[in-house]
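Chemist: query33.txt (compact mmCIF, C-alpha atoms) pasted underneath:
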# COMPACT_ATOMS: atom_id res chain seq x y z
CA MET A 1 -49.21 -57.32 97.50
CA THR A 2 -45.61 -58.28 96.75
CA ASP A 3 -43.28 -60.43 98.83
CA ILE A 4 -41.61 -57.60 100.68
CA LEU A 5 -39.32 -59.90 102.65
CA ASP A 6 -37.76 -61.36 99.51
CA ASP A 7 -37.14 -57.85 98.22
CA LEU A 8 -35.62 -56.73 101.52
CA ALA A 9 -33.42 -59.83 101.64
CA TRP A 10 -32.08 -59.20 98.12
CA ARG A 11 -31.30 -55.62 99.11
CA ASP A 12 -29.42 -56.87 102.22
CA LEU A 13 -31.90 -55.04 104.44
CA ILE A 14 -32.58 -57.82 106.93
CA ALA A 15 -30.22 -58.21 109.87
CA GLN A 16 -32.41 -59.78 112.58
CA SER A 17 -36.01 -60.96 112.88
CA THR A 18 -38.03 -62.53 115.66
CA ASP A 19 -39.48 -65.18 113.30
CA LEU A 20 -39.16 -64.64 109.55
CA ASP A 21 -41.38 -67.56 108.54
CA GLU A 22 -44.20 -66.45 110.84
CA LEU A 23 -43.79 -62.86 109.69
CA ARG A 24 -43.87 -63.92 106.04
CA ALA A 25 -47.16 -65.75 106.60
CA LEU A 26 -48.60 -62.72 108.41
CA LEU A 27 -47.60 -60.34 105.60
CA ALA A 28 -49.06 -62.67 102.97
CA ALA A 29 -52.42 -62.85 104.77
CA GLY A 30 -53.26 -59.16 104.32
CA PRO A 31 -52.17 -55.61 105.13
CA VAL A 32 -50.01 -55.42 108.25
CA THR A 33 -49.52 -52.30 110.36
CA LEU A 34 -45.90 -51.55 111.22
CA TYR A 35 -43.96 -48.66 112.72
CA CYS A 36 -40.54 -47.16 113.08
CA GLY A 37 -39.56 -44.49 115.59
CA PHE A 38 -37.36 -41.42 115.09
CA ASP A 39 -36.09 -39.52 118.12
CA PRO A 40 -35.58 -35.74 117.76
CA THR A 41 -31.95 -35.60 118.90
CA ALA A 42 -31.10 -32.94 116.27
CA PRO A 43 -33.02 -30.43 114.15
CA SER A 44 -33.00 -32.82 111.19
CA LEU A 45 -32.76 -36.47 110.27
CA HIS A 46 -29.70 -37.60 108.30
CA VAL A 47 -28.98 -40.08 105.51
CA GLY A 48 -28.59 -42.91 108.04
CA ASN A 49 -32.19 -42.33 109.20
CA LEU A 50 -33.24 -42.37 105.55
CA ILE A 51 -32.70 -46.14 105.49
CA GLN A 52 -35.50 -46.64 108.01
CA ILE A 53 -37.82 -44.13 106.34
CA LEU A 54 -37.42 -45.94 103.03
CA VAL A 55 -38.08 -49.31 104.68
CA LEU A 56 -41.46 -47.92 105.78
CA ARG A 57 -42.02 -46.70 102.23
CA ARG A 58 -41.15 -50.12 100.80
CA PHE A 59 -43.66 -51.82 103.09
CA GLN A 60 -46.33 -49.31 102.09
CA LYS A 61 -45.64 -49.86 98.38
CA ALA A 62 -46.06 -53.58 99.08
CA GLY A 63 -49.55 -52.94 100.47
CA HIS A 64 -48.91 -52.53 104.18
CA ARG A 65 -49.73 -49.68 106.56
CA PRO A 66 -46.80 -47.66 107.99
CA ILE A 67 -46.76 -45.53 111.12
CA GLY A 68 -44.01 -42.98 111.57
CA LEU A 69 -43.44 -42.25 115.24
CA VAL A 70 -41.58 -39.14 116.35
CA GLY A 71 -40.23 -39.39 119.88
CA GLY A 72 -41.65 -36.28 121.48
CA ALA A 73 -41.23 -38.07 124.83
CA THR A 74 -38.24 -40.38 124.26
CA GLY A 75 -36.37 -37.50 122.63
CA LEU A 76 -36.40 -35.83 126.04
CA ILE A 77 -34.66 -38.85 127.59
CA GLY A 78 -32.11 -40.26 125.15
CA ASP A 79 -31.39 -43.85 124.22
CA PRO A 80 -28.23 -45.36 125.76
CA SER A 81 -25.66 -45.45 122.97
CA GLY A 82 -22.30 -47.14 122.67
CA LYS A 83 -20.66 -43.84 123.54
CA SER A 84 -18.95 -43.42 126.87
CA ALA A 85 -20.99 -40.39 127.95
CA GLU A 86 -24.70 -39.76 128.29
CA ARG A 87 -26.53 -37.73 125.74
CA THR A 88 -27.05 -34.07 126.51
CA LEU A 89 -30.64 -33.47 127.57
CA ASN A 90 -32.22 -30.74 125.47
CA SER A 91 -34.93 -28.36 126.66
CA LYS A 92 -38.59 -29.19 126.13
CA GLU A 93 -38.93 -26.20 123.80
CA THR A 94 -35.99 -27.33 121.67
CA VAL A 95 -37.24 -30.90 121.41
CA ALA A 96 -40.77 -29.71 120.54
CA GLY A 97 -39.37 -27.68 117.65
CA TRP A 98 -37.34 -30.63 116.42
CA VAL A 99 -40.40 -32.90 116.65
CA GLU A 100 -42.27 -30.66 114.21
CA ARG A 101 -39.37 -30.58 111.76
CA ILE A 102 -38.80 -34.35 111.85
CA HIS A 103 -42.55 -35.01 111.61
CA ALA A 104 -42.57 -33.01 108.37
CA GLN A 105 -39.47 -34.76 107.03
CA VAL A 106 -40.81 -38.28 107.55
CA SER A 107 -44.21 -37.29 106.18
CA ARG A 108 -42.75 -36.40 102.77
CA PHE A 109 -41.88 -40.02 102.07
CA LEU A 110 -45.18 -41.71 102.92
CA ASP A 111 -48.65 -41.69 101.35
CA PHE A 112 -51.33 -40.34 103.72
CA GLY A 113 -54.27 -40.73 101.34
CA ASP A 114 -57.29 -42.96 101.77
CA GLY A 115 -57.27 -46.74 101.78
CA PRO A 116 -56.26 -49.59 104.07
CA ASN A 117 -52.56 -48.78 103.87
CA ALA A 118 -52.68 -45.00 104.36
CA ALA A 119 -49.79 -43.84 106.54
CA THR A 120 -50.10 -42.29 110.00
CA MET A 121 -47.76 -40.02 111.96
CA VAL A 122 -47.77 -39.96 115.78
CA SER A 123 -45.76 -38.59 118.69
CA ASN A 124 -45.24 -40.71 121.79
CA LEU A 125 -45.67 -37.61 123.93
CA ASP A 126 -49.40 -38.00 123.23
CA TRP A 127 -49.66 -41.00 125.58
CA THR A 128 -46.78 -40.29 127.96
CA GLY A 129 -47.18 -36.54 128.59
CA ASP A 130 -49.89 -36.99 131.25
CA LEU A 131 -48.84 -40.44 132.43
CA GLY A 132 -48.30 -40.64 136.20
CA VAL A 133 -45.15 -42.25 137.54
CA ILE A 134 -47.08 -44.70 139.76
CA GLU A 135 -49.27 -45.77 136.86
CA PHE A 136 -46.19 -46.18 134.67
CA LEU A 137 -44.37 -48.32 137.22
CA ARG A 138 -47.44 -50.49 137.95
CA ASP A 139 -48.57 -51.02 134.36
CA ILE A 140 -45.25 -51.10 132.51
CA GLY A 141 -42.30 -51.35 134.92
CA LYS A 142 -43.49 -54.55 136.58
CA HIS A 143 -43.06 -56.44 133.29
CA PHE A 144 -39.30 -55.73 133.04
CA PRO A 145 -37.00 -58.03 135.04
CA VAL A 146 -33.93 -56.01 136.01
CA ASN A 147 -31.58 -58.94 135.38
CA ARG A 148 -32.70 -59.04 131.73
CA MET A 149 -32.30 -55.30 131.38
CA LEU A 150 -28.77 -55.51 132.79
CA ALA A 151 -27.94 -58.25 130.27
CA ARG A 152 -28.57 -55.95 127.30
CA GLU A 153 -25.35 -55.20 125.44
CA THR A 154 -25.82 -51.43 125.34
CA VAL A 155 -26.38 -51.41 129.11
CA LYS A 156 -23.42 -53.67 129.89
CA THR A 157 -21.13 -51.45 127.83
CA ARG A 158 -22.25 -48.32 129.60
CA LEU A 159 -22.20 -49.73 133.13
CA GLU A 160 -18.41 -49.48 133.10
CA THR A 161 -18.46 -45.75 132.33
CA GLY A 162 -21.68 -44.79 134.09
CA LEU A 163 -25.36 -44.99 133.20
CA SER A 164 -28.14 -42.99 134.80
CA TYR A 165 -31.59 -44.35 135.59
CA THR A 166 -32.94 -41.94 132.96
CA GLU A 167 -31.22 -43.69 130.06
CA PHE A 168 -31.60 -47.10 131.71
CA SER A 169 -35.38 -46.70 131.61
CA TYR A 170 -35.50 -45.74 127.92
CA VAL A 171 -36.32 -49.31 126.90
CA LEU A 172 -39.53 -49.17 128.99
CA LEU A 173 -40.73 -46.11 127.10
CA GLN A 174 -39.98 -47.54 123.67
CA SER A 175 -41.64 -50.83 124.59
CA MET A 176 -44.69 -48.94 125.81
CA ASP A 177 -44.82 -47.21 122.40
CA PHE A 178 -45.14 -50.58 120.67
CA LEU A 179 -47.83 -51.67 123.13
CA GLU A 180 -49.75 -48.43 122.67
CA LEU A 181 -49.60 -48.64 118.87
CA TYR A 182 -50.73 -52.27 119.06
CA ARG A 183 -53.76 -51.18 121.07
CA ARG A 184 -54.61 -48.10 119.00
CA TYR A 185 -53.81 -49.27 115.48
CA GLY A 186 -53.28 -53.04 115.61
CA CYS A 187 -49.57 -52.51 114.95
CA VAL A 188 -47.74 -55.85 115.06
CA LEU A 189 -44.34 -55.07 113.52
CA GLN A 190 -41.59 -52.68 114.54
CA THR A 191 -38.57 -51.99 112.31
CA GLY A 192 -35.28 -50.28 113.08
CA GLY A 193 -31.51 -50.50 112.89
CA SER A 194 -29.73 -53.53 114.30
CA ASP A 195 -28.45 -51.42 117.22
CA GLN A 196 -32.10 -51.17 118.32
CA TRP A 197 -32.65 -54.93 118.50
CA GLY A 198 -32.86 -55.05 122.29
CA ASN A 199 -35.44 -52.26 122.40
CA LEU A 200 -37.52 -53.84 119.64
CA THR A 201 -37.64 -57.31 121.19
CA ALA A 202 -38.48 -55.80 124.59
CA GLY A 203 -41.59 -54.30 122.97
CA VAL A 204 -42.48 -57.65 121.43
CA ASP A 205 -42.16 -59.27 124.86
CA LEU A 206 -44.26 -56.57 126.52
CA ILE A 207 -47.14 -57.11 124.08
CA ARG A 208 -46.97 -60.84 124.75
CA ARG A 209 -46.97 -60.35 128.53
CA VAL A 210 -49.72 -57.71 128.67
CA GLU A 211 -51.98 -58.66 125.77
CA GLY A 212 -51.08 -62.30 125.23
CA ALA A 213 -50.57 -61.43 121.55
CA SER A 214 -47.86 -62.05 118.99
CA ALA A 215 -45.83 -59.21 117.53
CA HIS A 216 -42.66 -58.98 115.46
CA ALA A 217 -39.39 -57.10 115.19
CA LEU A 218 -37.22 -56.67 112.09
CA THR A 219 -33.91 -54.83 111.90
CA THR A 220 -31.66 -53.64 109.09
CA PRO A 221 -27.85 -53.89 109.19
CA LEU A 222 -25.86 -50.84 110.18
CA LEU A 223 -24.36 -49.43 106.99
CA THR A 224 -20.63 -48.78 106.72
CA LYS A 225 -18.45 -47.78 103.79
CA ALA A 226 -15.86 -50.00 102.17
CA ASP A 227 -13.06 -48.09 103.91
CA GLY A 228 -14.59 -48.93 107.28
CA THR A 229 -15.82 -45.42 108.09
CA LYS A 230 -19.36 -44.65 109.15
CA PHE A 231 -21.86 -44.18 106.35
CA GLY A 232 -23.29 -40.68 105.99
CA LYS A 233 -20.27 -38.84 107.42
CA THR A 234 -17.60 -36.74 105.74
CA ALA A 235 -13.92 -37.46 106.31
CA GLY A 236 -14.00 -34.78 108.99
CA GLY A 237 -17.01 -36.32 110.72
CA GLU A 238 -19.60 -33.90 109.33
CA THR A 239 -23.08 -35.38 108.92
CA TYR A 240 -25.12 -35.32 105.71
CA TRP A 241 -28.56 -34.06 106.75
CA LEU A 242 -31.92 -34.25 104.98
CA ASP A 243 -32.59 -30.57 105.74
CA PRO A 244 -31.41 -28.42 102.78
CA GLU A 245 -30.37 -25.66 105.18
CA LEU A 246 -27.94 -28.01 106.93
CA THR A 247 -26.71 -29.91 103.86
CA SER A 248 -27.30 -28.19 100.54
CA PRO A 249 -28.95 -30.17 97.72
CA TYR A 250 -25.71 -29.73 95.75
CA ALA A 251 -23.59 -31.26 98.53
CA PHE A 252 -26.23 -33.98 98.98
CA TYR A 253 -26.08 -34.84 95.27
CA GLN A 254 -22.28 -34.91 95.31
CA PHE A 255 -22.30 -37.25 98.31
CA TRP A 256 -24.05 -39.93 96.27
CA PHE A 257 -22.28 -39.13 92.98
CA ASN A 258 -18.88 -39.54 94.66
CA ALA A 259 -19.72 -42.93 96.16
CA ASP A 260 -16.86 -45.39 96.10
CA ASP A 261 -17.16 -48.01 93.34
CA ARG A 262 -16.97 -50.62 96.09
CA ASP A 263 -20.04 -49.14 97.82
CA VAL A 264 -22.34 -48.27 94.93
CA GLU A 265 -23.97 -51.71 94.63
CA LYS A 266 -24.85 -51.68 98.32
CA LEU A 267 -26.16 -48.10 98.13
CA LEU A 268 -28.31 -48.77 95.07
CA LYS A 269 -29.90 -51.77 96.76
CA VAL A 270 -30.61 -49.88 99.99
CA PHE A 271 -31.68 -46.47 98.66
CA SER A 272 -33.03 -47.02 95.15
CA PHE A 273 -36.55 -48.14 94.29
CA ARG A 274 -35.44 -49.45 90.90
CA PRO A 275 -36.21 -53.12 90.32
CA ARG A 276 -33.47 -55.71 90.54
CA GLU A 277 -32.98 -55.94 86.78
CA GLU A 278 -32.36 -52.20 86.42
CA ILE A 279 -29.90 -52.12 89.31
CA GLU A 280 -27.98 -55.08 87.90
CA ASP A 281 -27.86 -53.38 84.48
CA LEU A 282 -26.53 -50.14 86.02
CA LEU A 283 -23.82 -52.08 87.84
CA LYS A 284 -22.89 -53.86 84.63
CA GLN A 285 -22.56 -50.54 82.81
CA GLY A 286 -20.48 -49.23 85.69
CA GLY A 287 -18.12 -52.17 85.42
CA GLU A 288 -17.72 -51.68 81.68
CA ARG A 289 -17.24 -47.89 81.88
CA PRO A 290 -16.09 -47.03 85.42
CA ALA A 291 -14.95 -43.51 84.53
CA ALA A 292 -18.50 -42.59 83.44
CA ARG A 293 -19.83 -43.31 86.98
CA ILE A 294 -23.15 -44.45 85.52
CA PRO A 295 -24.50 -46.19 88.65
CA GLN A 296 -23.38 -43.31 90.90
CA ARG A 297 -25.08 -40.79 88.63
CA ALA A 298 -28.34 -42.76 88.66
CA LEU A 299 -28.15 -43.13 92.45
CA ALA A 300 -27.45 -39.43 93.01
CA GLU A 301 -30.32 -38.32 90.77
CA GLU A 302 -32.84 -40.72 92.29
CA VAL A 303 -32.07 -40.08 95.97
CA THR A 304 -31.67 -36.31 95.59
CA THR A 305 -34.98 -36.14 93.75
CA LEU A 306 -36.62 -38.26 96.45
CA VAL A 307 -35.35 -36.01 99.25
CA HIS A 308 -35.21 -32.54 97.66
CA GLY A 309 -37.39 -32.75 94.55
CA ALA A 310 -36.74 -32.69 90.81
CA ASP A 311 -36.06 -28.93 90.57
CA GLU A 312 -33.30 -28.96 93.17
CA THR A 313 -31.79 -32.04 91.55
CA GLU A 314 -31.69 -30.30 88.18
CA ARG A 315 -29.97 -27.30 89.79
CA ALA A 316 -27.39 -29.55 91.43
CA ILE A 317 -26.67 -31.34 88.15
CA ALA A 318 -26.42 -28.03 86.28
CA ALA A 319 -23.99 -26.66 88.87
CA SER A 320 -21.88 -29.81 88.76
CA ARG A 321 -21.61 -29.59 84.97
CA ALA A 322 -20.99 -25.85 84.89
CA LEU A 323 -18.17 -26.00 87.43
CA PHE A 324 -16.28 -28.34 85.11
CA GLY A 325 -16.84 -26.30 81.95
CA GLN A 326 -19.87 -28.19 80.64
CA GLY A 327 -22.48 -25.54 81.28
CA ALA A 328 -23.07 -21.83 81.74
CA LEU A 329 -22.05 -20.59 85.19
CA GLU A 330 -24.05 -17.42 84.59
CA GLU A 331 -27.26 -19.44 84.58
CA LEU A 332 -26.76 -20.78 88.12
CA ASP A 333 -28.75 -19.03 90.84
CA GLU A 334 -26.75 -17.51 93.68
CA ARG A 335 -27.76 -20.05 96.33
CA THR A 336 -26.81 -23.04 94.17
CA LEU A 337 -23.49 -21.51 93.12
CA ALA A 338 -22.64 -20.67 96.74
CA ALA A 339 -23.44 -24.24 97.77
CA ALA A 340 -21.30 -25.65 94.97
CA LEU A 341 -18.31 -23.48 95.85
CA ALA A 342 -18.63 -24.47 99.50
CA GLU A 343 -17.62 -27.98 98.43
CA VAL A 344 -14.35 -27.00 96.68
CA PRO A 345 -11.15 -25.20 97.77
CA LYS A 346 -12.09 -21.55 98.16
CA VAL A 347 -10.49 -18.33 99.25
CA GLU A 348 -12.28 -15.31 100.66
CA ILE A 349 -10.93 -11.88 99.81
CA PRO A 350 -11.96 -8.42 100.99
CA ALA A 351 -13.97 -6.07 98.84
CA GLY A 352 -11.85 -3.80 96.67
CA ASP A 353 -9.43 -4.34 93.83
CA LEU A 354 -9.11 -7.97 92.78
CA PRO A 355 -5.65 -9.60 92.88
CA PRO A 356 -4.09 -11.32 89.84
CA VAL A 357 -5.37 -14.72 88.82
CA ALA A 358 -2.01 -16.30 89.71
CA ASP A 359 -2.40 -15.05 93.29
CA LEU A 360 -5.92 -16.44 93.48
CA LEU A 361 -4.85 -19.85 92.16
CA ALA A 362 -2.18 -20.04 94.85
CA SER A 363 -4.25 -18.71 97.74
CA SER A 364 -7.18 -21.02 96.89
CA GLY A 365 -4.89 -24.04 97.00
CA LEU A 366 -5.29 -25.02 93.35
CA CYS A 367 -1.58 -24.31 92.89
CA LYS A 368 1.16 -24.72 95.48
CA SER A 369 2.73 -21.35 94.77
CA LYS A 370 2.40 -18.24 92.65
CA SER A 371 5.21 -19.43 90.38
CA GLU A 372 3.40 -22.73 89.79
CA ALA A 373 0.21 -20.76 89.12
CA ARG A 374 1.97 -18.63 86.50
CA ARG A 375 3.34 -21.76 84.81
CA THR A 376 -0.15 -23.25 84.77
CA ILE A 377 -1.45 -20.09 83.05
CA THR A 378 1.41 -20.08 80.52
CA GLN A 379 0.73 -23.73 79.69
CA GLY A 380 -2.94 -22.96 79.01
CA GLY A 381 -4.32 -24.84 82.02
CA ALA A 382 -5.94 -22.03 84.03
CA TYR A 383 -9.56 -20.87 83.75
CA VAL A 384 -11.68 -18.18 85.36
CA ASN A 385 -15.42 -18.72 84.99
CA ASN A 386 -14.62 -21.39 82.38
CA THR A 387 -12.69 -18.91 80.22
CA LYS A 388 -9.02 -19.74 79.61
CA VAL A 389 -6.61 -17.23 81.16
CA ALA A 390 -4.34 -15.87 78.42
CA SER A 391 -1.73 -13.95 80.41
CA GLU A 392 0.16 -14.85 83.57
CA ASP A 393 -0.39 -11.27 84.73
CA ALA A 394 -4.16 -11.37 84.12
CA VAL A 395 -6.36 -9.67 86.69
CA PRO A 396 -10.11 -10.38 86.85
CA SER A 397 -12.44 -7.41 86.67
CA ARG A 398 -15.43 -6.58 88.84
CA GLU A 399 -17.63 -7.51 85.88
CA ASP A 400 -16.30 -11.07 86.08
CA LEU A 401 -17.83 -11.60 89.53
CA LEU A 402 -20.82 -13.92 89.39
CA HIS A 403 -23.71 -12.47 91.41
CA GLY A 404 -21.31 -9.68 92.30
CA ARG A 405 -19.23 -11.90 94.63
CA PHE A 406 -17.97 -15.18 93.12
CA LEU A 407 -15.27 -16.37 90.74
CA VAL A 408 -14.90 -19.99 89.66
CA LEU A 409 -11.29 -21.08 89.18
CA ARG A 410 -10.22 -24.21 87.39
CA ARG A 411 -6.87 -25.87 86.88
CA GLY A 412 -7.01 -28.32 84.00
CA LYS A 413 -10.19 -30.32 83.54
CA ARG A 414 -10.84 -31.61 87.04
CA ASN A 415 -9.43 -29.27 89.71
CA VAL A 416 -11.95 -26.60 90.67
CA GLY A 417 -11.73 -23.84 93.24
CA GLY A 418 -13.51 -20.63 94.06
CA VAL A 419 -13.17 -17.04 95.17
CA GLU A 420 -15.69 -15.18 97.29
CA VAL A 421 -15.49 -11.45 97.73
CA LYS A 422 -16.68 -10.48 101.19
CA ARG A 423 -19.59 -8.08 101.37
CA ALA A 424 -18.47 -4.53 102.08
Can you turn what I pasted into structure tokens?

Modeler:
Amino acid sequence: MTDILDDLAWRDLIAQSTDLDELRALLAAGPVTLYCGFDPTAPSLHVGNLIQILVLRRFQKAGHRPIGLVGGATGLIGDPSGKSAERTLNSKETVAGWVERIHAQVSRFLDFGDGPNAATMVSNLDWTGDLGVIEFLRDIGKHFPVNRMLARETVKTRLETGLSYTEFSYVLLQSMDFLELYRRYGCVLQTGGSDQWGNLTAGVDLIRRVEGASAHALTTPLLTKADGTKFGKTAGGETYWLDPELTSPYAFYQFWFNADDRDVEKLLKVFSFRPREEIEDLLKQGGERPAARIPQRALAEEVTTLVHGADETERAIAASRALFGQGALEELDERTLAAALAEVPKVEIPAGDLPPVADLLASSGLCKSKSEARRTITQGGAYVNNTKVASEDAVPSREDLLHGRFLVLRRGKRNVGGVEVKRA
């Protein structure tokens, strides 16, 4: 077993801990069972959740036993957030469907084979679904002083805008999860984001009160980008999901490839499983040749492969190269090409005769006007499907349409756009 805490510290993945020295001794003594919970508040997890999944994976690779918990029960309630309004309560049927999807997503990252550190997946609905309210209040509620609950930062923030008893009681349910996993599996460590610190330590305290036993909590810092915006969001607030139907593998790859130079060291440490020496070498190469984006490329390939597999990663790389004239567009499958063009300026046109290239360059936004588009063509800077446009009056033919519906436009070497012909 390796010293997982040293590795996590180097990767800046430790924000808070109940007792690091005691935890280090516990981890060194033998395999430790730990868990992290994921509430089904959407049909998919996102790249922010990926941090916690990979922490479980790191512990397992270090010889410990991870439990992935999906909140089949807590997902019906909602954790009090820093937002001013309560979460929207979803139907039981909706949450049940999301539980299955998230269960499958987390499962892909852990090893469920034989051995002392084989992973386990659970849902907290298994032990709360038939729990009576009187039993819950007698066995769990009595261990939670209200004054301490009111002192929690997330509660104090929300008291000013309104907080229902439903969200107020969330901490009891999460603490009961830790207690239940301690009893069933000997779980003594819970991990999560630093915004979950109050919930995690409440579970530690509940185990001490009920079982007279010691347990631990460990959180990771909340990740933000160098420009101060939230990690895992587009400029417009769109989330990057792990589900390929919600965020295409191409868009997922581009998210990592386009990482700011100021962020790439942090992202490599948090999301890559490369050893320290390799990461430091990639960063050195990036500093010497920033335009080559060597560390970003390595990060994008590794994380996309981890989440979507090697085949999808190869398709994303091929599409990225082909769009910029370094590969054959004709070899891209329709789904990958559509996903790639969804990430660039694109114009949709009705079925029928195609307009001139100059019109398409202007309407796609690659050129500010038709006159600028014609100048670009005359100067040799316009391309359709990576073929230079020779005449300012050129009109693409139906045979030029990729998969019968797409054209790839390019202005110069770096500015790419697209055309999609609507289905008749």

Chemist: Pick the closest to A:Arg57 from A:Arg276, A:Arg184, A:Arg108, A:Arg208: which is it, counting all atoms listed in the file?

Modeler: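 Among the listed residues, A:Arg108 lies closest to A:Arg57.
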
Chemist: Return the single residue from A:Leu56, A:Ile317, A:Val307, A:Val204 that is closest to A:Asp243, with distances computed using all atoms listed in the file.

Modeler: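 The shortest atom-to-atom distance to A:Asp243 comes from A:Val307.
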
Chemist: Hey, which of A:Thr336, A:Thr154, A:Gln326, A:Thr376 ends up closest to A:Ala362? Count only C-alpha atoms.

Modeler: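 Closest to A:Ala362 of all the choices is A:Thr376.
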
Chemist: For a quick check of understanding, using only C-alpha atoms, which of A:Gly198, A:Phe59, A:Glu211, A:Ala300 has the smallest distance to A:Asp139?

Modeler: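 Using only C-alpha atoms, A:Asp139 sits closest to A:Glu211.
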
Chemist: Take the point (-34.3, -56.8, 93.2) as written in the file and pick out every residue within 6 Å of it, counting all atoms listed in the file; give the list as a ChimeraX atom specification.

Modeler: /A:7,10,275-276

Chemist: Would you pick out the contacts of A:Ala62 at 10 Å or less, using only C-alpha atoms, so that residues sharing its chain but fewer than 5 positions from it are not included, and give the list as an MDAnalysis selection string?

Modeler: chainID A and resid 1:5 7 27 31 56:57 117

Chemist: Env of A:Arg152: 12 Å cut, atoms = only C-alpha atoms, seq-sep filter 5 positions within chain, self excluded. Answer as a VMD selection string.

Modeler: chain A and resid 80 to 82 145 to 147 157 to 159 168 171 195 to 202

Chemist: For a quick check of understanding, using all atoms listed in the file, which of A:Arg293, A:Arg65, A:Lys269, A:His403 has the smallest distance to A:Gly186?

Modeler: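 Once distances to A:Gly186 are computed over all atoms listed in the file, the minimum belongs to A:Arg65.
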
Chemist: Of the candidates A:Ser214, A:Thr313, A:Thr224, A:Thr94, which one gets nearest to A:Ala251 if we count all atoms listed in the file?

Modeler: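 Once distances to A:Ala251 are computed over all atoms listed in the file, the minimum belongs to A:Thr313.
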
Chemist: I'd like the neighbourhood of A:Ala351 as a ChimeraX atom specification, where a residue qualifies if any of its atoms comes within 10 Å (using all atoms listed in the file), though same-chain residues fewer than 4 positions away should be ignored.

Modeler: /A:405,420-424

Chemist: Please save C-alpha atoms of the selected residues as a compact mmCIF listing (two decimals), in the coordinates of the input.

Modeler:
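Output (again-v9.txt):
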# COMPACT_ATOMS: atom_id res chain seq x y z
CA ARG A 405 -19.23 -11.90 94.63
CA GLU A 420 -15.69 -15.18 97.29
CA VAL A 421 -15.49 -11.45 97.73
CA LYS A 422 -16.68 -10.48 101.19
CA ARG A 423 -19.59 -8.08 101.37
CA ALA A 424 -18.47 -4.53 102.08

Chemist: Do a neighbour search on A:Lys225 at 12 Å with all atoms listed in the file, toss out local chain neighbours closer than 5 positions, and write the hits as a VMD selection string.

Modeler: chain A and resid 230 to 235 259 to 267

Chemist: Could you work out how far atom CA of A:Val419 lies from atom CA of A:Ser371, giving the answer in Å with one decimal?

Modeler: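 Here the two named atoms are 19.1 Å from each other.
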
Chemist: Can you pull out every residue within 9 Å of A:Phe257, counting all atoms listed in the file, but drop anything in the same chain fewer than 2 positions away, and send it as a list in words?

Modeler: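 In the requested format, the answer is Phe252, Tyr253, Gln254, Phe255, Ala259, Asp260, Arg293, Pro295, Gln296, Arg297, Ala298, Leu299, Ala300 and Glu301 of chain A.
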
Chemist: I'd like the interatomic distance between atom CA of A:Ala339 and atom CA of A:Leu407, to a tenth of an Å.

Modeler: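 We find that atom CA of A:Ala339 and atom CA of A:Leu407 lie 13.3 Å from each other.
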
Chemist: What separation in Å, quoted to one decimal, exists between atom CA of A:Glu348 and atom CA of A:Leu360?

Modeler: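 About the pair atom CA of A:Glu348 and atom CA of A:Leu360: they are 9.7 Å apart.
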
Chemist: Given the point (-48.2, -59.3, 125.6) in the file's coordinates, find the residues that have an atom at most 12 Å from it, counting all atoms listed in the file, and give them as a list in words.

Modeler: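 Protein, DNA and RNA residues close to (-48.2, -59.3, 125.6): Ile140, His143, Ser175, Met176, Phe178, Leu179, Glu180, Tyr182, Arg183, Val188, Thr201, Ala202, Gly203, Val204, Asp205, Leu206, Ile207, Arg208, Arg209, Val210, Glu211, Gly212, Ala213, Ser214, Ala215 and His216 of chain A.
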